[in-house]
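Text of run-v7.cif, listed as mmCIF, C-alpha atoms:
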```cif
data_model
#
loop_
_atom_site.group_PDB
_atom_site.id
_atom_site.type_symbol
_atom_site.label_atom_id
_atom_site.label_comp_id
_atom_site.auth_asym_id
_atom_site.auth_seq_id
_atom_site.Cartn_x
_atom_site.Cartn_y
_atom_site.Cartn_z
ATOM 1 C CA MET A 1 68.439 141.502 59.498
ATOM 2 C CA LYS A 2 71.280 142.188 61.832
ATOM 3 C CA ARG A 3 71.007 144.881 64.508
ATOM 4 C CA GLY A 4 70.385 147.791 62.142
ATOM 5 C CA LEU A 5 66.909 148.591 63.402
ATOM 6 C CA VAL A 6 67.563 148.093 67.104
ATOM 7 C CA VAL A 7 67.585 151.157 69.314
ATOM 8 C CA LEU A 8 70.115 151.285 72.137
ATOM 9 C CA ASP A 9 68.195 149.832 75.082
ATOM 10 C CA PRO A 10 69.487 150.423 78.632
ATOM 11 C CA ASP A 11 67.151 147.680 79.848
ATOM 12 C CA GLU A 12 69.177 145.172 77.814
ATOM 13 C CA VAL A 13 72.660 146.467 78.607
ATOM 14 C CA PRO A 14 72.928 148.987 81.442
ATOM 15 C CA GLU A 15 74.821 152.226 80.800
ATOM 16 C CA SER A 16 77.490 151.254 83.322
ATOM 17 C CA GLU A 17 78.266 148.035 81.451
ATOM 18 C CA TRP A 18 79.316 149.920 78.312
ATOM 19 C CA ASP A 19 81.819 151.904 80.377
ATOM 20 C CA GLU A 20 83.058 148.757 82.134
ATOM 21 C CA ARG A 21 83.605 146.965 78.821
ATOM 22 C CA LEU A 22 85.647 149.840 77.433
ATOM 23 C CA ALA A 23 87.687 150.182 80.632
ATOM 24 C CA ALA A 24 88.481 146.448 80.668
ATOM 25 C CA VAL A 25 89.580 146.474 77.018
ATOM 26 C CA ARG A 26 91.720 149.561 77.642
ATOM 27 C CA ALA A 27 93.381 147.794 80.587
ATOM 28 C CA ASP A 28 94.136 144.764 78.387
ATOM 29 C CA LEU A 29 95.616 147.005 75.695
ATOM 30 C CA ALA A 30 97.731 148.951 78.173
ATOM 31 C CA LYS A 31 99.204 145.676 79.486
ATOM 32 C CA ASP A 32 100.228 144.897 75.901
ATOM 33 C CA GLY A 33 101.875 148.325 75.526
ATOM 34 C CA ILE A 34 99.303 149.564 73.021
ATOM 35 C CA ASP A 35 98.823 153.327 72.796
ATOM 36 C CA VAL A 36 95.977 153.232 70.273
ATOM 37 C CA ALA A 37 93.981 150.194 69.190
ATOM 38 C CA LEU A 38 92.160 149.869 65.892
ATOM 39 C CA VAL A 39 89.234 147.485 65.566
ATOM 40 C CA TYR A 40 88.095 146.600 62.040
ATOM 41 C CA GLY A 41 84.539 145.649 61.165
ATOM 42 C CA ASP A 42 82.685 144.819 57.971
ATOM 43 C CA THR A 43 79.606 142.972 56.769
ATOM 44 C CA TYR A 44 81.058 139.681 57.978
ATOM 45 C CA SER A 45 82.596 140.631 61.275
ATOM 46 C CA SER A 46 81.622 143.643 63.359
ATOM 47 C CA ASP A 47 80.884 142.030 66.703
ATOM 48 C CA ASP A 48 83.922 143.564 68.414
ATOM 49 C CA ILE A 49 82.728 147.059 67.492
ATOM 50 C CA ALA A 50 79.173 146.163 68.537
ATOM 51 C CA TYR A 51 80.447 144.877 71.895
ATOM 52 C CA LEU A 52 81.786 148.336 72.715
ATOM 53 C CA THR A 53 79.187 150.509 70.952
ATOM 54 C CA ASN A 54 76.059 148.463 70.043
ATOM 55 C CA LEU A 55 76.763 149.361 66.405
ATOM 56 C CA CYS A 56 76.708 146.546 63.870
ATOM 57 C CA ILE A 57 78.541 147.437 60.659
ATOM 58 C CA TYR A 58 76.366 145.345 58.352
ATOM 59 C CA TRP A 59 76.344 147.611 55.295
ATOM 60 C CA ASN A 60 79.969 148.544 54.633
ATOM 61 C CA GLU A 61 83.199 148.581 56.592
ATOM 62 C CA GLY A 62 84.358 150.650 59.503
ATOM 63 C CA MET A 63 87.093 150.933 62.028
ATOM 64 C CA MET A 64 87.005 151.934 65.658
ATOM 65 C CA ALA A 65 89.958 153.662 67.307
ATOM 66 C CA ILE A 66 90.387 153.182 71.036
ATOM 67 C CA ARG A 67 92.648 155.720 72.682
ATOM 68 C CA PRO A 68 93.590 155.819 76.379
ATOM 69 C CA GLN A 69 91.065 158.608 77.056
ATOM 70 C CA GLY A 70 87.799 159.760 75.568
ATOM 71 C CA PRO A 71 85.170 157.898 73.618
ATOM 72 C CA PRO A 72 86.165 155.459 70.883
ATOM 73 C CA VAL A 73 86.231 157.061 67.454
ATOM 74 C CA LEU A 74 84.356 155.356 64.638
ATOM 75 C CA LEU A 75 86.033 155.776 61.247
ATOM 76 C CA THR A 76 83.803 154.932 58.317
ATOM 77 C CA LYS A 77 83.525 155.324 54.583
ATOM 78 C CA LEU A 78 79.827 156.154 54.920
ATOM 79 C CA SER A 79 78.311 159.559 54.338
ATOM 80 C CA PRO A 80 77.729 161.758 57.401
ATOM 81 C CA ARG A 81 74.000 161.659 56.581
ATOM 82 C CA VAL A 82 73.784 158.344 58.508
ATOM 83 C CA PHE A 83 75.527 159.696 61.626
ATOM 84 C CA PRO A 84 72.288 160.675 63.432
ATOM 85 C CA TRP A 85 70.963 157.128 63.051
ATOM 86 C CA MET A 86 74.295 155.672 64.176
ATOM 87 C CA ARG A 87 74.286 157.860 67.283
ATOM 88 C CA LEU A 88 70.675 156.948 68.060
ATOM 89 C CA THR A 89 71.299 153.201 67.930
ATOM 90 C CA SER A 90 74.720 153.062 69.540
ATOM 91 C CA LYS A 91 77.217 154.482 71.996
ATOM 92 C CA ALA A 92 79.183 155.988 69.105
ATOM 93 C CA GLU A 93 79.755 159.678 69.805
ATOM 94 C CA ASP A 94 82.727 160.613 67.645
ATOM 95 C CA ILE A 95 82.156 159.473 64.047
ATOM 96 C CA ARG A 96 84.360 160.499 61.137
ATOM 97 C CA SER A 97 84.041 159.607 57.493
ATOM 98 C CA GLY A 98 86.278 159.602 54.465
ATOM 99 C CA ARG A 99 87.048 157.604 51.355
ATOM 100 C CA LYS A 100 90.021 155.680 52.764
ATOM 101 C CA PHE A 101 91.096 154.453 56.184
ATOM 102 C CA GLY A 102 94.707 155.627 55.826
ATOM 103 C CA PRO A 103 93.884 159.349 55.847
ATOM 104 C CA LEU A 104 91.211 158.839 58.517
ATOM 105 C CA VAL A 105 93.658 157.125 60.867
ATOM 106 C CA SER A 106 96.549 159.496 60.169
ATOM 107 C CA GLY A 107 94.218 162.487 60.636
ATOM 108 C CA LEU A 108 93.033 161.115 63.969
ATOM 109 C CA LEU A 109 96.570 160.511 65.224
ATOM 110 C CA ASP A 110 98.154 163.559 63.588
ATOM 111 C CA GLU A 111 98.598 165.453 66.855
ATOM 112 C CA SER A 112 99.657 162.425 68.915
ATOM 113 C CA GLU A 113 103.211 161.429 69.696
ATOM 114 C CA PRO A 114 104.035 158.275 67.721
ATOM 115 C CA GLY A 115 103.768 155.100 69.715
ATOM 116 C CA THR A 116 102.312 151.658 69.187
ATOM 117 C CA VAL A 117 99.096 151.015 67.289
ATOM 118 C CA GLY A 118 97.538 147.603 67.825
ATOM 119 C CA LEU A 119 95.329 145.997 65.199
ATOM 120 C CA VAL A 120 92.769 144.040 67.209
ATOM 121 C CA GLY A 121 92.004 140.646 65.666
ATOM 122 C CA ALA A 122 94.424 141.367 62.822
ATOM 123 C CA ALA A 123 94.086 137.840 61.431
ATOM 124 C CA ARG A 124 90.563 138.800 60.262
ATOM 125 C CA TRP A 125 91.538 142.099 58.630
ATOM 126 C CA PRO A 126 91.888 142.420 54.855
ATOM 127 C CA ALA A 127 95.601 142.622 54.007
ATOM 128 C CA ALA A 128 95.008 145.750 51.905
ATOM 129 C CA VAL A 129 93.545 147.593 54.916
ATOM 130 C CA ILE A 130 96.503 146.596 57.106
ATOM 131 C CA ASP A 131 98.899 147.839 54.417
ATOM 132 C CA GLU A 132 96.975 151.102 53.989
ATOM 133 C CA VAL A 133 96.894 151.848 57.724
ATOM 134 C CA THR A 134 100.545 150.910 58.209
ATOM 135 C CA ALA A 135 101.643 153.129 55.310
ATOM 136 C CA ALA A 136 99.630 156.045 56.736
ATOM 137 C CA LEU A 137 101.425 155.920 60.094
ATOM 138 C CA PRO A 138 105.133 156.536 59.520
ATOM 139 C CA GLY A 139 106.974 156.672 62.821
ATOM 140 C CA TRP A 140 104.374 154.501 64.537
ATOM 141 C CA VAL A 141 104.855 150.838 65.365
ATOM 142 C CA VAL A 142 101.865 148.964 63.949
ATOM 143 C CA ARG A 143 101.431 145.613 65.645
ATOM 144 C CA PRO A 144 98.930 142.831 64.959
ATOM 145 C CA LEU A 145 97.001 141.701 68.015
ATOM 146 C CA GLY A 146 94.977 138.627 68.730
ATOM 147 C CA PRO A 147 91.264 138.503 69.502
ATOM 148 C CA VAL A 148 91.494 140.830 72.515
ATOM 149 C CA ILE A 149 87.851 141.913 72.418
ATOM 150 C CA ARG A 150 86.508 138.599 71.109
ATOM 151 C CA ASP A 151 87.992 136.896 74.182
ATOM 152 C CA ARG A 152 86.084 139.298 76.446
ATOM 153 C CA ARG A 153 82.858 138.806 74.472
ATOM 154 C CA ALA A 154 83.042 135.057 75.100
ATOM 155 C CA VAL A 155 82.160 135.557 78.777
ATOM 156 C CA PRO A 156 78.585 136.860 79.107
ATOM 157 C CA SER A 157 77.873 139.566 81.665
ATOM 158 C CA ASP A 158 75.021 139.326 84.168
ATOM 159 C CA ALA A 159 72.847 141.454 81.864
ATOM 160 C CA GLU A 160 73.649 139.208 78.893
ATOM 161 C CA GLU A 161 72.885 136.076 80.906
ATOM 162 C CA THR A 162 69.508 137.560 81.843
ATOM 163 C CA LEU A 163 68.765 138.224 78.152
ATOM 164 C CA LEU A 164 69.817 134.677 77.262
ATOM 165 C CA ARG A 165 67.535 133.192 79.957
ATOM 166 C CA THR A 166 64.622 135.361 78.785
ATOM 167 C CA ALA A 167 65.155 134.314 75.167
ATOM 168 C CA SER A 168 65.432 130.663 76.189
ATOM 169 C CA SER A 169 62.141 130.842 78.083
ATOM 170 C CA ALA A 170 60.381 132.518 75.153
ATOM 171 C CA LEU A 171 61.707 129.893 72.741
ATOM 172 C CA ASP A 172 60.696 127.066 75.075
ATOM 173 C CA ALA A 173 57.157 128.464 75.357
ATOM 174 C CA ALA A 174 56.875 128.827 71.557
ATOM 175 C CA VAL A 175 58.113 125.287 70.914
ATOM 176 C CA ARG A 176 55.682 123.846 73.494
ATOM 177 C CA LYS A 177 52.790 125.784 71.953
ATOM 178 C CA ALA A 178 53.751 124.589 68.467
ATOM 179 C CA ALA A 179 53.972 121.005 69.734
ATOM 180 C CA ARG A 180 50.516 121.217 71.333
ATOM 181 C CA ALA A 181 49.160 122.510 68.016
ATOM 182 C CA GLY A 182 50.789 119.604 66.170
ATOM 183 C CA LEU A 183 53.239 121.889 64.351
ATOM 184 C CA ALA A 184 56.458 120.545 65.844
#
```
Could you write out this file's structure as structure tokens?
Amino acid sequence: MKRGLVVLDPDEVPESEWDERLAAVRADLAKDGIDVALVYGDTYSSDDIAYLTNLCIYWNEGMMAIRPQGPPVLLTKLSPRVFPWMRLTSKAEDIRSGRKFGPLVSGLLDESEPGTVGLVGAARWPAAVIDEVTAALPGWVVRPLGPVIRDRRAVPSDAEETLLRTASSALDAAVRKAARAGLA
């Protein structure tokens, strides 16, 4: 089971850290000249979305839009009936659903002046999704980006290091107990 049953826990990741992560990613994107970033996630790869929201897309596919201001917007093909659960277990505030990503993205950016949309970690996106999003944004420059968020995730925060040390201690105690019982 991935993180589907985990409630957002401020003792694991403090509230301020979520804001700091988003601000740091926004700063990276601004340096690259990105007006809006899209982050794709599916059953195989949703860690970038989870890093910013605590939401693991383990059942379908989704996309997160990061604009210069406001909360990230989660675009999903799921029914709105799961939105309360998604809000309970994550930092996701603005969630929108539809059958295809093209109309979801174009609807989100409809009132914005065209600029540059960056596809975060584009090498991991399905080609059909890239084509659909690009076709839905005439007048916008759609640019593939590298692993912008993945690079940030690679450096654990103080809170994450504390969790890792706690987990390591618990594992060590369990292995020692199993060894004493002749199970290891």
From the list A:Ala154, A:Val129, A:Leu137, A:Leu88, the nearest residue to Gly107 (chain A) using all atoms listed in the file is A:Leu137
Would you kindly return, as a PyMOL selection string, each protein, DNA or RNA residue with an atom no farther than 9 Å from any atom of region 29-43 of chain A, considering only C-alpha atoms and excluding same-chain residues fewer than 4 positions away? chain A and resi 24-25+47-49+56-68+105+109+114-122+124-125+143+148-149
Counting all atoms listed in the file, the residue of A:Thr134, A:Ser79, A:Ser45, A:Ser157 that sits nearest Ser16 (chain A): A:Ser157
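Among A:Asp151, A:Ala184, A:Pro138, A:Pro71, the residue with the shortest atom-to-atom distance to Glu113 (chain A), counting only C-alpha atoms, is A:Pro138.
With CA of Asp9 (chain A) on one side and CA of Arg81 (chain A) on the other, the separation reads 22.7 Å.
Between Ser46 (chain A) and the candidates A:Glu17, A:Leu78, A:Arg150, A:Glu93, the tightest atom-to-atom separation, counting only C-alpha atoms, involves A:Arg150.
For the pair CA of Ala127 (chain A) and CA of Pro80 (chain A), the interatomic distance is 26.4 Å.
The closest residue to Arg87 (chain A), picked from A:Leu8, A:Val155, A:Ala174, A:Val142 and counting only C-alpha atoms, is A:Leu8.
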